[in-house]
Amino acid sequence: MRKAKPKKRVVLPDPVFNDKKVSKFVNHLMFDGKKNASYEIFYAALETVKEKMANEEKSALEIWKQALDNITPQVEVKSRRIGGATFQVPMEIRADRKESISMKNMIIFARKRGGKGMSDKLAAEIMDAYNNQGGAFKRKEDMHRMAEANRAFAHFRF
């Protein structure tokens with residue numbers, strides 16, 4: 001590599017929960033630099049989750065963290081070209097990439113949902129992920145299924 005590795009940026013914790021994970025999620029959620037709007041969407045979604053899942057003993061933030069854990073993939077397939085043929089090689093995912101993938105999947109599938117506002121859609125996706133269902137959970141299952149199907153090519157890991 002010609003250049004030095006870029007420095008890791010420091011993510012400051014969010015103002016309400018004082019949690020860096022929330023800040024990272026809000027950064028993924030943000031459009032056009034509108035961080036305040038994405039904070040409002042996120043906090044409104046957590047309020048909705050708290051109202052709809054009042055029977056749970058966990059707080060809304062804990063439910064959100066559990067939902068993220070439920071949709072976090074452990075392995076993914078990467079294309080690797082060997083002797084003119086392209087193989088889908090299953091590989092384990094780095095911890096920071098796992099977190100990023102799960103956050104992005106939750107946001108992508110929340111945006112695809114039908115519903116009134118983004119906060120309602122995000123709340124619905126969080127509750128689905130907490131209950132091991134929904135689009136983001138299905139994406140994780142598909143990734144794992146692909147890796148399992150291509151386990152024979154695991155020896156091509158680089």
# chains A, B, ... in the order shown; residues from 1 in each chain; ligands from 1

$ closest_atom_pairs --of "region 33-92 of chain A" --to "region 125-132 of chain A" --cutoff "7 Å" --atoms "only C-alpha atoms" --output "tab-separated table"
residue	atom	partner	partner_atom	distance
A:Val49	CA	A:Met127	CA	6.9
A:Ile63	CA	A:Tyr130	CA	6.6
A:Trp64	CA	A:Ile126	CA	6.1
A:Gln66	CA	A:Tyr130	CA	6.1
A:Ala67	CA	A:Tyr130	CA	4.0
A:Asn70	CA	A:Ala129	CA	6.3
A:Ile71	CA	A:Ala129	CA	6.5

$ residues_around --residues "Lys50 (chain A)" --least-positions-apart "3" --cutoff "9 Å" --atoms "only C-alpha atoms" --output "list in words"
Ala45, Leu46, Glu47, Met53, Ala54, Glu56, Ser59, Ala60, Leu61 and Ile63 of chain A

$ select_by_dssp --residues "region 33-123 of chain A" --states "helix (DSSP H, G or I)" --output "PyMOL selection string"
chain A and resi 35-52+60-70+95-112+118-123

$ closest_residue --among "A:Ala149, A:Leu12, A:Ala95, A:Met118" --to "Ser38 (chain A)" --atoms "only C-alpha atoms"
A:Met118

$ residues_around --residues "Ile108 (chain A)" --least-positions-apart "2" --cutoff "10 Å" --atoms "only C-alpha atoms" --output "list in words"
His28, Leu29, Ser102, Met103, Lys104, Asn105, Met106, Ala110, Arg111, Lys112, Arg113, Leu122, Glu125, Gly135 and Ala136 of chain A

$ write_last_selection --atoms "N, CA, C and O atoms" --output "mmCIF file, in the first residue's frame"
data_model
loop_
_atom_site.group_PDB
_atom_site.id
_atom_site.type_symbol
_atom_site.label_atom_id
_atom_site.label_comp_id
_atom_site.auth_asym_id
_atom_site.auth_seq_id
_atom_site.Cartn_x
_atom_site.Cartn_y
_atom_site.Cartn_z
ATOM 1 N N HIS A 28 -25.173 6.563 10.617
ATOM 2 C CA HIS A 28 -25.613 5.775 9.469
ATOM 3 C C HIS A 28 -26.991 6.237 8.986
ATOM 4 O O HIS A 28 -27.284 6.204 7.791
ATOM 5 N N LEU A 29 -27.822 6.656 9.927
ATOM 6 C CA LEU A 29 -29.193 7.062 9.625
ATOM 7 C C LEU A 29 -29.245 8.425 8.941
ATOM 8 O O LEU A 29 -30.173 8.717 8.187
ATOM 9 N N SER A 102 -24.812 -4.650 10.471
ATOM 10 C CA SER A 102 -26.107 -4.815 11.137
ATOM 11 C C SER A 102 -26.862 -3.494 11.199
ATOM 12 O O SER A 102 -28.077 -3.455 10.956
ATOM 13 N N MET A 103 -26.166 -2.402 11.481
ATOM 14 C CA MET A 103 -26.812 -1.085 11.533
ATOM 15 C C MET A 103 -27.350 -0.698 10.165
ATOM 16 O O MET A 103 -28.492 -0.239 10.034
ATOM 17 N N LYS A 104 -26.527 -0.871 9.131
ATOM 18 C CA LYS A 104 -26.950 -0.507 7.779
ATOM 19 C C LYS A 104 -28.142 -1.338 7.335
ATOM 20 O O LYS A 104 -29.081 -0.805 6.736
ATOM 21 N N ASN A 105 -28.123 -2.650 7.637
ATOM 22 C CA ASN A 105 -29.243 -3.504 7.248
ATOM 23 C C ASN A 105 -30.528 -3.075 7.933
ATOM 24 O O ASN A 105 -31.590 -3.032 7.303
ATOM 25 N N MET A 106 -30.446 -2.754 9.221
ATOM 26 C CA MET A 106 -31.642 -2.318 9.945
ATOM 27 C C MET A 106 -32.215 -1.055 9.307
ATOM 28 O O MET A 106 -33.426 -0.958 9.083
ATOM 29 N N ALA A 110 -35.708 -0.686 7.243
ATOM 30 C CA ALA A 110 -36.679 0.238 7.831
ATOM 31 C C ALA A 110 -37.155 1.225 6.757
ATOM 32 O O ALA A 110 -38.349 1.540 6.674
ATOM 33 N N ARG A 111 -36.226 1.691 5.921
ATOM 34 C CA ARG A 111 -36.600 2.636 4.849
ATOM 35 C C ARG A 111 -37.514 1.990 3.826
ATOM 36 O O ARG A 111 -38.378 2.648 3.253
ATOM 37 N N LYS A 112 -37.333 0.685 3.579
ATOM 38 C CA LYS A 112 -38.155 -0.018 2.589
ATOM 39 C C LYS A 112 -39.574 -0.276 3.076
ATOM 40 O O LYS A 112 -40.458 -0.531 2.276
ATOM 41 N N ARG A 113 -39.774 -0.249 4.386
ATOM 42 C CA ARG A 113 -41.081 -0.570 4.962
ATOM 43 C C ARG A 113 -42.147 0.436 4.571
ATOM 44 O O ARG A 113 -41.858 1.583 4.281
ATOM 45 N N LEU A 122 -38.715 2.640 11.631
ATOM 46 C CA LEU A 122 -37.535 2.174 12.373
ATOM 47 C C LEU A 122 -37.964 1.412 13.623
ATOM 48 O O LEU A 122 -37.400 0.359 13.937
ATOM 49 N N GLU A 125 -39.080 -2.023 12.617
ATOM 50 C CA GLU A 125 -37.941 -2.868 12.257
ATOM 51 C C GLU A 125 -37.177 -3.316 13.513
ATOM 52 O O GLU A 125 -36.735 -4.456 13.595
ATOM 53 N N GLY A 135 -37.013 -8.002 7.676
ATOM 54 C CA GLY A 135 -36.102 -8.008 6.536
ATOM 55 C C GLY A 135 -34.645 -8.115 6.914
ATOM 56 O O GLY A 135 -33.874 -8.857 6.294
ATOM 57 N N ALA A 136 -34.217 -7.371 7.944
ATOM 58 C CA ALA A 136 -32.807 -7.375 8.334
ATOM 59 C C ALA A 136 -32.397 -8.745 8.873
ATOM 60 O O ALA A 136 -31.304 -9.237 8.588
#

$ residues_around --residues "Lys35 (chain A)" --least-positions-apart "6" --cutoff "12 Å" --atoms "only C-alpha atoms" --output "ChimeraX atom specification"
/A:14,23-29,41-42

$ write_last_selection --atoms "all heavy atoms" --output "PDB file, in the first residue's frame"
ATOM      1  N   ASP A  14     -23.624   9.810  22.332  1.00  0.00           N
ATOM      2  CA  ASP A  14     -24.805  10.644  22.092  1.00  0.00           C
ATOM      3  C   ASP A  14     -25.207  11.374  23.378  1.00  0.00           C
ATOM      4  O   ASP A  14     -24.847  10.959  24.476  1.00  0.00           O
ATOM      5  CB  ASP A  14     -25.958   9.782  21.558  1.00  0.00           C
ATOM      6  CG  ASP A  14     -26.637   8.977  22.631  1.00  0.00           C
ATOM      7  OD1 ASP A  14     -25.954   8.147  23.259  1.00  0.00           O
ATOM      8  OD2 ASP A  14     -27.836   9.168  22.835  1.00  0.00           O
ATOM      9  N   SER A  23     -24.534   6.795  18.673  1.00  0.00           N
ATOM     10  CA  SER A  23     -23.979   7.813  17.770  1.00  0.00           C
ATOM     11  C   SER A  23     -23.638   7.224  16.408  1.00  0.00           C
ATOM     12  O   SER A  23     -23.910   7.837  15.374  1.00  0.00           O
ATOM     13  CB  SER A  23     -22.724   8.443  18.364  1.00  0.00           C
ATOM     14  OG  SER A  23     -23.068   9.306  19.400  1.00  0.00           O
ATOM     15  N   LYS A  24     -23.037   6.027  16.404  1.00  0.00           N
ATOM     16  CA  LYS A  24     -22.700   5.391  15.134  1.00  0.00           C
ATOM     17  C   LYS A  24     -23.960   5.093  14.331  1.00  0.00           C
ATOM     18  O   LYS A  24     -24.004   5.301  13.118  1.00  0.00           O
ATOM     19  CB  LYS A  24     -21.930   4.088  15.378  1.00  0.00           C
ATOM     20  CG  LYS A  24     -20.498   4.309  15.799  1.00  0.00           C
ATOM     21  CD  LYS A  24     -19.777   2.998  15.996  1.00  0.00           C
ATOM     22  CE  LYS A  24     -18.371   3.233  16.489  1.00  0.00           C
ATOM     23  NZ  LYS A  24     -17.655   1.992  16.778  1.00  0.00           N
ATOM     24  N   PHE A  25     -24.993   4.607  15.030  1.00  0.00           N
ATOM     25  CA  PHE A  25     -26.259   4.296  14.353  1.00  0.00           C
ATOM     26  C   PHE A  25     -26.865   5.552  13.752  1.00  0.00           C
ATOM     27  O   PHE A  25     -27.313   5.551  12.605  1.00  0.00           O
ATOM     28  CB  PHE A  25     -27.235   3.656  15.345  1.00  0.00           C
ATOM     29  CG  PHE A  25     -28.480   3.123  14.699  1.00  0.00           C
ATOM     30  CD1 PHE A  25     -28.474   1.875  14.105  1.00  0.00           C
ATOM     31  CD2 PHE A  25     -29.652   3.855  14.682  1.00  0.00           C
ATOM     32  CE1 PHE A  25     -29.614   1.364  13.499  1.00  0.00           C
ATOM     33  CE2 PHE A  25     -30.796   3.358  14.077  1.00  0.00           C
ATOM     34  CZ  PHE A  25     -30.771   2.108  13.483  1.00  0.00           C
ATOM     35  N   VAL A  26     -26.857   6.644  14.514  1.00  0.00           N
ATOM     36  CA  VAL A  26     -27.420   7.916  14.037  1.00  0.00           C
ATOM     37  C   VAL A  26     -26.618   8.428  12.847  1.00  0.00           C
ATOM     38  O   VAL A  26     -27.193   8.976  11.897  1.00  0.00           O
ATOM     39  CB  VAL A  26     -27.465   8.953  15.187  1.00  0.00           C
ATOM     40  CG1 VAL A  26     -27.718  10.349  14.668  1.00  0.00           C
ATOM     41  CG2 VAL A  26     -28.544   8.564  16.185  1.00  0.00           C
ATOM     42  N   ASN A  27     -25.295   8.224  12.863  1.00  0.00           N
ATOM     43  CA  ASN A  27     -24.474   8.638  11.723  1.00  0.00           C
ATOM     44  C   ASN A  27     -24.847   7.856  10.462  1.00  0.00           C
ATOM     45  O   ASN A  27     -24.845   8.410   9.362  1.00  0.00           O
ATOM     46  CB  ASN A  27     -22.988   8.459  12.027  1.00  0.00           C
ATOM     47  CG  ASN A  27     -22.475   9.499  12.993  1.00  0.00           C
ATOM     48  OD1 ASN A  27     -23.117  10.520  13.214  1.00  0.00           O
ATOM     49  ND2 ASN A  27     -21.326   9.234  13.579  1.00  0.00           N
ATOM     50  N   HIS A  28     -25.173   6.563  10.617  1.00  0.00           N
ATOM     51  CA  HIS A  28     -25.613   5.775   9.469  1.00  0.00           C
ATOM     52  C   HIS A  28     -26.991   6.237   8.986  1.00  0.00           C
ATOM     53  O   HIS A  28     -27.284   6.204   7.791  1.00  0.00           O
ATOM     54  CB  HIS A  28     -25.693   4.291   9.818  1.00  0.00           C
ATOM     55  CG  HIS A  28     -24.364   3.611   9.858  1.00  0.00           C
ATOM     56  ND1 HIS A  28     -23.525   3.523   8.779  1.00  0.00           N
ATOM     57  CD2 HIS A  28     -23.716   2.971  10.871  1.00  0.00           C
ATOM     58  CE1 HIS A  28     -22.425   2.859   9.108  1.00  0.00           C
ATOM     59  NE2 HIS A  28     -22.519   2.516  10.379  1.00  0.00           N
ATOM     60  N   LEU A  29     -27.822   6.656   9.927  1.00  0.00           N
ATOM     61  CA  LEU A  29     -29.193   7.062   9.625  1.00  0.00           C
ATOM     62  C   LEU A  29     -29.245   8.425   8.941  1.00  0.00           C
ATOM     63  O   LEU A  29     -30.173   8.717   8.187  1.00  0.00           O
ATOM     64  CB  LEU A  29     -29.992   7.101  10.930  1.00  0.00           C
ATOM     65  CG  LEU A  29     -31.477   7.355  10.923  1.00  0.00           C
ATOM     66  CD1 LEU A  29     -32.187   6.263  10.157  1.00  0.00           C
ATOM     67  CD2 LEU A  29     -32.004   7.413  12.351  1.00  0.00           C
ATOM     68  N   ILE A  41     -35.404  11.262  14.967  1.00  0.00           N
ATOM     69  CA  ILE A  41     -36.015  10.042  14.430  1.00  0.00           C
ATOM     70  C   ILE A  41     -35.695   8.857  15.346  1.00  0.00           C
ATOM     71  O   ILE A  41     -36.585   8.080  15.716  1.00  0.00           O
ATOM     72  CB  ILE A  41     -35.513   9.761  13.000  1.00  0.00           C
ATOM     73  CG1 ILE A  41     -36.114  10.765  12.021  1.00  0.00           C
ATOM     74  CG2 ILE A  41     -35.840   8.338  12.564  1.00  0.00           C
ATOM     75  CD1 ILE A  41     -35.479  10.750  10.643  1.00  0.00           C
ATOM     76  N   PHE A  42     -34.427   8.726  15.729  1.00  0.00           N
ATOM     77  CA  PHE A  42     -34.000   7.588  16.552  1.00  0.00           C
ATOM     78  C   PHE A  42     -34.677   7.595  17.914  1.00  0.00           C
ATOM     79  O   PHE A  42     -35.215   6.571  18.361  1.00  0.00           O
ATOM     80  CB  PHE A  42     -32.475   7.592  16.710  1.00  0.00           C
ATOM     81  CG  PHE A  42     -31.961   6.456  17.541  1.00  0.00           C
ATOM     82  CD1 PHE A  42     -31.939   5.168  17.031  1.00  0.00           C
ATOM     83  CD2 PHE A  42     -31.518   6.663  18.834  1.00  0.00           C
ATOM     84  CE1 PHE A  42     -31.481   4.104  17.794  1.00  0.00           C
ATOM     85  CE2 PHE A  42     -31.054   5.608  19.601  1.00  0.00           C
ATOM     86  CZ  PHE A  42     -31.040   4.324  19.079  1.00  0.00           C
TER      87      PHE A  42
END

$ closest_residue --among "A:Ala4, A:Val16, A:Ile107, A:Val89" --to "Lys121 (chain A)" --atoms "only C-alpha atoms"
A:Ile107

$ closest_residue --among "A:Arg145, A:Lys140, A:Arg9, A:Lys52" --to "Lys98 (chain A)" --atoms "only C-alpha atoms"
A:Lys140

$ closest_residue --among "A:Ala147, A:Val22, A:Val11, A:Ile82" --to "Leu68 (chain A)" --atoms "only C-alpha atoms"
A:Val22

$ atom_distance --atom1 "CA of Tyr43 (chain A)" --atom2 "CA of Lys8 (chain A)"
26.6 Å

$ atom_distance --atom1 "CA of Phe87 (chain A)" --atom2 "CA of Arg139 (chain A)"
20.5 Å
